[in-house]
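One structure is given below, encoded as structure tokens.
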Amino acid sequence: MTSKTNPTPAAVRAWLTANAIDAPWTMVAICEGCAAETIDQRRAVRDAVRYCVGAGFIARTETKIGPVYELTGQGMPRVVLTDAERKERQRERDAGRARSGRRQQQQEVAVPKRSRAARVGMQAANTPAPSAVKATPPVETIEQFLARGGRVQRLMAHWEQMERAA
């Protein structure tokens with residue numbers, strides 16, 4: 001059984017630099033060189049190669065056999081952290097998150113939680129009282145309306161208009 005590899009971008013760049021004499025490489029050769037055996041490790045190598053191409057560290061060229069990669073001679077545009085430095089930065093970030101989490105918990109403790117009865121009481125206090133129903137005048141019939149001197153005009157529906165036009 002082989003040892004567990006660490007296909008980080010730094011490890012892939014180190015392998016590419018150490019094996020510059022064998023350039024150009026296919027993705028399969030890079031994965032084999034970095035000892036990426038599982039799918040997740042090959043994905044990590046692929047992502048690292050894609051990052052190196054984007055940064056200008058290696059160049060990608062399309063050929064009949066597929067894309068091949070070779071060094072461009074340019075350095076990486078930013079400082080590459082070692083594993084120890086990366087782990088130290090991660091510890092610092094985790095400690096900061098833990099401290100901020102404690103502050104949020106302390107603030108939440110300062111505000112007492114309301115009981116269900118208190119919350120229901122507040123909701124009831126904010127609900128407006130129903131308004132008094134106004135009395136409506138009694139409805140009158142057409143005969144009563146005509147007796148009062150009103151005029152009724154009959155409007156035809158559109159299908160009646162269509163029948164009349166036909």
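Each chain in the structure tokens gets a letter, A, B and so on, in the order shown; residues start at 1 in every chain, and ligands are counted from 1 in the order they appear.
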Shell around segment 70-84 of chain A at 12 Å using only C-alpha atoms, local window under 4 positions removed, as a PyMOL selection string: chain A and resi 6-11+13-27+29-30+49+51-62+88-91
Distance in Å - atom CA of Gln41 of chain A versus atom CA of Val12 of chain A: 11.2 Å
Residues flagged strand (DSSP E or B) by DSSP in chain A, as a ChimeraX atom specification: /A:25-26,58-63,66-71
Can you write out the residues you just picked, keeping N, CA, C and O atoms, as a PDB file, in the first residue's frame?
ATOM      1  N   TRP A  25       3.976  17.445 -20.297  1.00  0.00           N
ATOM      2  CA  TRP A  25       3.265  16.383 -19.592  1.00  0.00           C
ATOM      3  C   TRP A  25       1.798  16.397 -19.987  1.00  0.00           C
ATOM      4  O   TRP A  25       1.233  17.437 -20.260  1.00  0.00           O
ATOM      5  N   THR A  26       1.201  15.226 -19.935  1.00  0.00           N
ATOM      6  CA  THR A  26      -0.253  15.132 -20.047  1.00  0.00           C
ATOM      7  C   THR A  26      -0.806  15.130 -18.623  1.00  0.00           C
ATOM      8  O   THR A  26      -0.057  14.963 -17.660  1.00  0.00           O
ATOM      9  N   ILE A  58       2.550  27.421 -15.751  1.00  0.00           N
ATOM     10  CA  ILE A  58       2.681  26.452 -16.831  1.00  0.00           C
ATOM     11  C   ILE A  58       1.764  26.870 -17.969  1.00  0.00           C
ATOM     12  O   ILE A  58       0.834  27.654 -17.782  1.00  0.00           O
ATOM     13  N   ALA A  59       2.064  26.359 -19.172  1.00  0.00           N
ATOM     14  CA  ALA A  59       1.265  26.679 -20.358  1.00  0.00           C
ATOM     15  C   ALA A  59       0.552  25.417 -20.824  1.00  0.00           C
ATOM     16  O   ALA A  59       1.107  24.319 -20.778  1.00  0.00           O
ATOM     17  N   ARG A  60      -0.654  25.579 -21.289  1.00  0.00           N
ATOM     18  CA  ARG A  60      -1.449  24.468 -21.812  1.00  0.00           C
ATOM     19  C   ARG A  60      -1.489  24.579 -23.322  1.00  0.00           C
ATOM     20  O   ARG A  60      -1.797  25.639 -23.871  1.00  0.00           O
ATOM     21  N   THR A  61      -1.207  23.472 -23.988  1.00  0.00           N
ATOM     22  CA  THR A  61      -1.221  23.435 -25.445  1.00  0.00           C
ATOM     23  C   THR A  61      -2.084  22.258 -25.879  1.00  0.00           C
ATOM     24  O   THR A  61      -1.923  21.152 -25.364  1.00  0.00           O
ATOM     25  N   GLU A  62      -2.981  22.497 -26.812  1.00  0.00           N
ATOM     26  CA  GLU A  62      -3.830  21.423 -27.329  1.00  0.00           C
ATOM     27  C   GLU A  62      -3.081  20.674 -28.421  1.00  0.00           C
ATOM     28  O   GLU A  62      -2.515  21.275 -29.324  1.00  0.00           O
ATOM     29  N   THR A  63      -3.075  19.348 -28.329  1.00  0.00           N
ATOM     30  CA  THR A  63      -2.446  18.502 -29.338  1.00  0.00           C
ATOM     31  C   THR A  63      -3.429  17.411 -29.743  1.00  0.00           C
ATOM     32  O   THR A  63      -4.551  17.354 -29.230  1.00  0.00           O
ATOM     33  N   GLY A  66      -4.479  15.348 -26.822  1.00  0.00           N
ATOM     34  CA  GLY A  66      -5.167  16.098 -25.772  1.00  0.00           C
ATOM     35  C   GLY A  66      -4.287  17.221 -25.269  1.00  0.00           C
ATOM     36  O   GLY A  66      -3.235  17.512 -25.836  1.00  0.00           O
ATOM     37  N   PRO A  67      -4.700  17.882 -24.205  1.00  0.00           N
ATOM     38  CA  PRO A  67      -3.893  19.000 -23.709  1.00  0.00           C
ATOM     39  C   PRO A  67      -2.596  18.512 -23.068  1.00  0.00           C
ATOM     40  O   PRO A  67      -2.576  17.500 -22.372  1.00  0.00           O
ATOM     41  N   VAL A  68      -1.514  19.245 -23.346  1.00  0.00           N
ATOM     42  CA  VAL A  68      -0.225  18.970 -22.710  1.00  0.00           C
ATOM     43  C   VAL A  68       0.217  20.248 -22.008  1.00  0.00           C
ATOM     44  O   VAL A  68      -0.154  21.360 -22.393  1.00  0.00           O
ATOM     45  N   TYR A  69       1.009  20.076 -20.951  1.00  0.00           N
ATOM     46  CA  TYR A  69       1.422  21.194 -20.105  1.00  0.00           C
ATOM     47  C   TYR A  69       2.941  21.244 -20.045  1.00  0.00           C
ATOM     48  O   TYR A  69       3.609  20.209 -19.990  1.00  0.00           O
ATOM     49  N   GLU A  70       3.487  22.455 -20.039  1.00  0.00           N
ATOM     50  CA  GLU A  70       4.923  22.636 -19.872  1.00  0.00           C
ATOM     51  C   GLU A  70       5.181  23.943 -19.129  1.00  0.00           C
ATOM     52  O   GLU A  70       4.352  24.850 -19.147  1.00  0.00           O
ATOM     53  N   LEU A  71       6.347  24.023 -18.495  1.00  0.00           N
ATOM     54  CA  LEU A  71       6.681  25.211 -17.715  1.00  0.00           C
ATOM     55  C   LEU A  71       6.887  26.408 -18.625  1.00  0.00           C
ATOM     56  O   LEU A  71       7.398  26.279 -19.735  1.00  0.00           O
TER      57      LEU A  71
END
Picked from segment 1-142 of chain A by DSSP as helix (DSSP H, G or I), as a ChimeraX atom specification: /A:9-18,20-22,27-33,39-55,83-110,116-126,142
Residues within 10 Å of Arg42 of chain A, only C-alpha atoms, excluding chain neighbours under 2 positions, as a VMD selection string: chain A and resid 7 27 to 28 30 to 32 34 to 40 44 to 48
Write to file, as a CSV table (one decimal), in the first residue's frame, the residues of the selection just made, with all heavy atoms.
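In the end it all went to part-v9.csv:
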chain,number,residue,atom,x,y,z
A,7,PRO,N,-1.9,16.1,-2.6
A,7,PRO,CA,-1.8,16.8,-3.8
A,7,PRO,C,-2.3,18.3,-3.7
A,7,PRO,O,-3.3,18.7,-4.3
A,7,PRO,CB,-2.8,16.0,-4.7
A,7,PRO,CG,-3.8,15.5,-3.8
A,7,PRO,CD,-3.0,15.2,-2.5
A,27,MET,N,-2.1,15.3,-18.5
A,27,MET,CA,-2.7,15.3,-17.2
A,27,MET,C,-2.5,13.9,-16.5
A,27,MET,O,-2.3,13.8,-15.3
A,27,MET,CB,-4.2,15.6,-17.2
A,27,MET,CG,-4.9,15.7,-15.9
A,27,MET,SD,-4.2,17.0,-14.8
A,27,MET,CE,-4.8,18.4,-15.6
A,28,VAL,N,-2.6,12.8,-17.3
A,28,VAL,CA,-2.4,11.5,-16.7
A,28,VAL,C,-1.0,11.4,-16.1
A,28,VAL,O,-0.8,10.9,-15.0
A,28,VAL,CB,-2.6,10.4,-17.8
A,28,VAL,CG1,-2.2,9.0,-17.3
A,28,VAL,CG2,-4.0,10.5,-18.3
A,30,ILE,N,1.0,13.8,-15.0
A,30,ILE,CA,1.1,14.7,-13.8
A,30,ILE,C,0.4,13.9,-12.6
A,30,ILE,O,1.0,13.9,-11.5
A,30,ILE,CB,0.4,16.0,-14.1
A,30,ILE,CG1,1.2,16.8,-15.2
A,30,ILE,CG2,0.4,16.8,-12.8
A,30,ILE,CD1,0.5,18.1,-15.6
A,31,CYS,N,-0.7,13.3,-12.9
A,31,CYS,CA,-1.4,12.6,-11.8
A,31,CYS,C,-0.5,11.4,-11.3
A,31,CYS,O,-0.4,11.2,-10.1
A,31,CYS,CB,-2.8,12.1,-12.2
A,31,CYS,SG,-4.0,13.4,-12.3
A,32,GLU,N,0.0,10.7,-12.2
A,32,GLU,CA,0.9,9.6,-11.8
A,32,GLU,C,2.1,10.1,-11.1
A,32,GLU,O,2.6,9.5,-10.1
A,32,GLU,CB,1.3,8.8,-13.1
A,32,GLU,CG,0.2,7.9,-13.7
A,32,GLU,CD,0.6,7.3,-15.0
A,32,GLU,OE1,1.8,7.5,-15.4
A,32,GLU,OE2,-0.2,6.6,-15.5
A,34,CYS,N,2.4,12.8,-9.3
A,34,CYS,CA,2.1,13.3,-8.0
A,34,CYS,C,1.5,12.1,-7.1
A,34,CYS,O,1.0,12.4,-6.0
A,34,CYS,CB,1.1,14.4,-8.1
A,34,CYS,SG,1.8,15.9,-8.8
A,35,ALA,N,1.4,10.9,-7.6
A,35,ALA,CA,0.9,9.8,-6.9
A,35,ALA,C,-0.6,10.0,-6.5
A,35,ALA,O,-1.0,9.6,-5.4
A,35,ALA,CB,1.7,9.4,-5.7
A,36,ALA,N,-1.4,10.6,-7.4
A,36,ALA,CA,-2.8,10.8,-7.1
A,36,ALA,C,-3.5,9.5,-7.6
A,36,ALA,O,-3.6,9.2,-8.8
A,36,ALA,CB,-3.3,12.0,-7.9
A,37,GLU,N,-4.0,8.7,-6.6
A,37,GLU,CA,-4.6,7.5,-7.0
A,37,GLU,C,-6.2,7.5,-6.9
A,37,GLU,O,-6.8,6.9,-7.7
A,37,GLU,CB,-4.1,6.4,-6.0
A,37,GLU,CG,-2.6,6.2,-6.1
A,37,GLU,CD,-2.1,5.3,-5.0
A,37,GLU,OE1,-2.9,5.0,-4.0
A,37,GLU,OE2,-0.9,5.0,-5.0
A,38,THR,N,-6.7,8.2,-6.0
A,38,THR,CA,-8.2,8.3,-5.8
A,38,THR,C,-8.7,9.4,-6.7
A,38,THR,O,-8.0,10.3,-7.2
A,38,THR,CB,-8.6,8.5,-4.4
A,38,THR,OG1,-8.1,9.8,-4.0
A,38,THR,CG2,-8.0,7.5,-3.5
A,39,ILE,N,-10.0,9.4,-6.9
A,39,ILE,CA,-10.7,10.4,-7.7
A,39,ILE,C,-10.5,11.8,-7.1
A,39,ILE,O,-10.2,12.8,-7.8
A,39,ILE,CB,-12.2,10.1,-7.9
A,39,ILE,CG1,-12.3,8.8,-8.7
A,39,ILE,CG2,-12.9,11.2,-8.5
A,39,ILE,CD1,-13.7,8.3,-8.8
A,40,ASP,N,-10.7,11.8,-5.8
A,40,ASP,CA,-10.5,13.1,-5.1
A,40,ASP,C,-9.1,13.7,-5.2
A,40,ASP,O,-8.9,14.9,-5.4
A,40,ASP,CB,-10.9,13.0,-3.6
A,40,ASP,CG,-12.3,12.7,-3.4
A,40,ASP,OD1,-13.1,13.1,-4.3
A,40,ASP,OD2,-12.7,12.1,-2.4
A,44,ALA,N,-8.0,17.2,-7.1
A,44,ALA,CA,-7.1,18.2,-6.5
A,44,ALA,C,-6.0,18.5,-7.4
A,44,ALA,O,-5.6,19.7,-7.5
A,44,ALA,CB,-6.7,17.7,-5.1
A,45,VAL,N,-5.4,17.5,-8.0
A,45,VAL,CA,-4.3,17.8,-9.0
A,45,VAL,C,-4.8,18.6,-10.2
A,45,VAL,O,-4.1,19.5,-10.6
A,45,VAL,CB,-3.6,16.4,-9.4
A,45,VAL,CG1,-2.6,16.7,-10.6
A,45,VAL,CG2,-2.9,15.8,-8.2
A,46,ARG,N,-5.9,18.2,-10.7
A,46,ARG,CA,-6.5,18.9,-11.8
A,46,ARG,C,-6.7,20.4,-11.5
A,46,ARG,O,-6.4,21.3,-12.3
A,46,ARG,CB,-7.8,18.2,-12.3
A,46,ARG,CG,-8.4,18.9,-13.5
A,46,ARG,CD,-9.8,18.5,-13.7
A,46,ARG,NE,-10.6,19.0,-12.6
A,46,ARG,CZ,-11.7,18.4,-12.2
A,46,ARG,NH1,-12.1,17.2,-12.7
A,46,ARG,NH2,-12.4,18.9,-11.2
A,47,ASP,N,-7.3,20.6,-10.3
A,47,ASP,CA,-7.5,22.0,-9.9
A,47,ASP,C,-6.2,22.8,-9.7
A,47,ASP,O,-6.1,23.9,-10.0
A,47,ASP,CB,-8.3,22.0,-8.6
A,47,ASP,CG,-9.7,21.5,-8.7
A,47,ASP,OD1,-10.2,21.5,-9.9
A,47,ASP,OD2,-10.4,21.1,-7.7
A,48,ALA,N,-5.2,22.1,-9.2
A,48,ALA,CA,-3.9,22.7,-9.0
A,48,ALA,C,-3.3,23.1,-10.3
A,48,ALA,O,-2.7,24.2,-10.5
A,48,ALA,CB,-3.0,21.8,-8.2
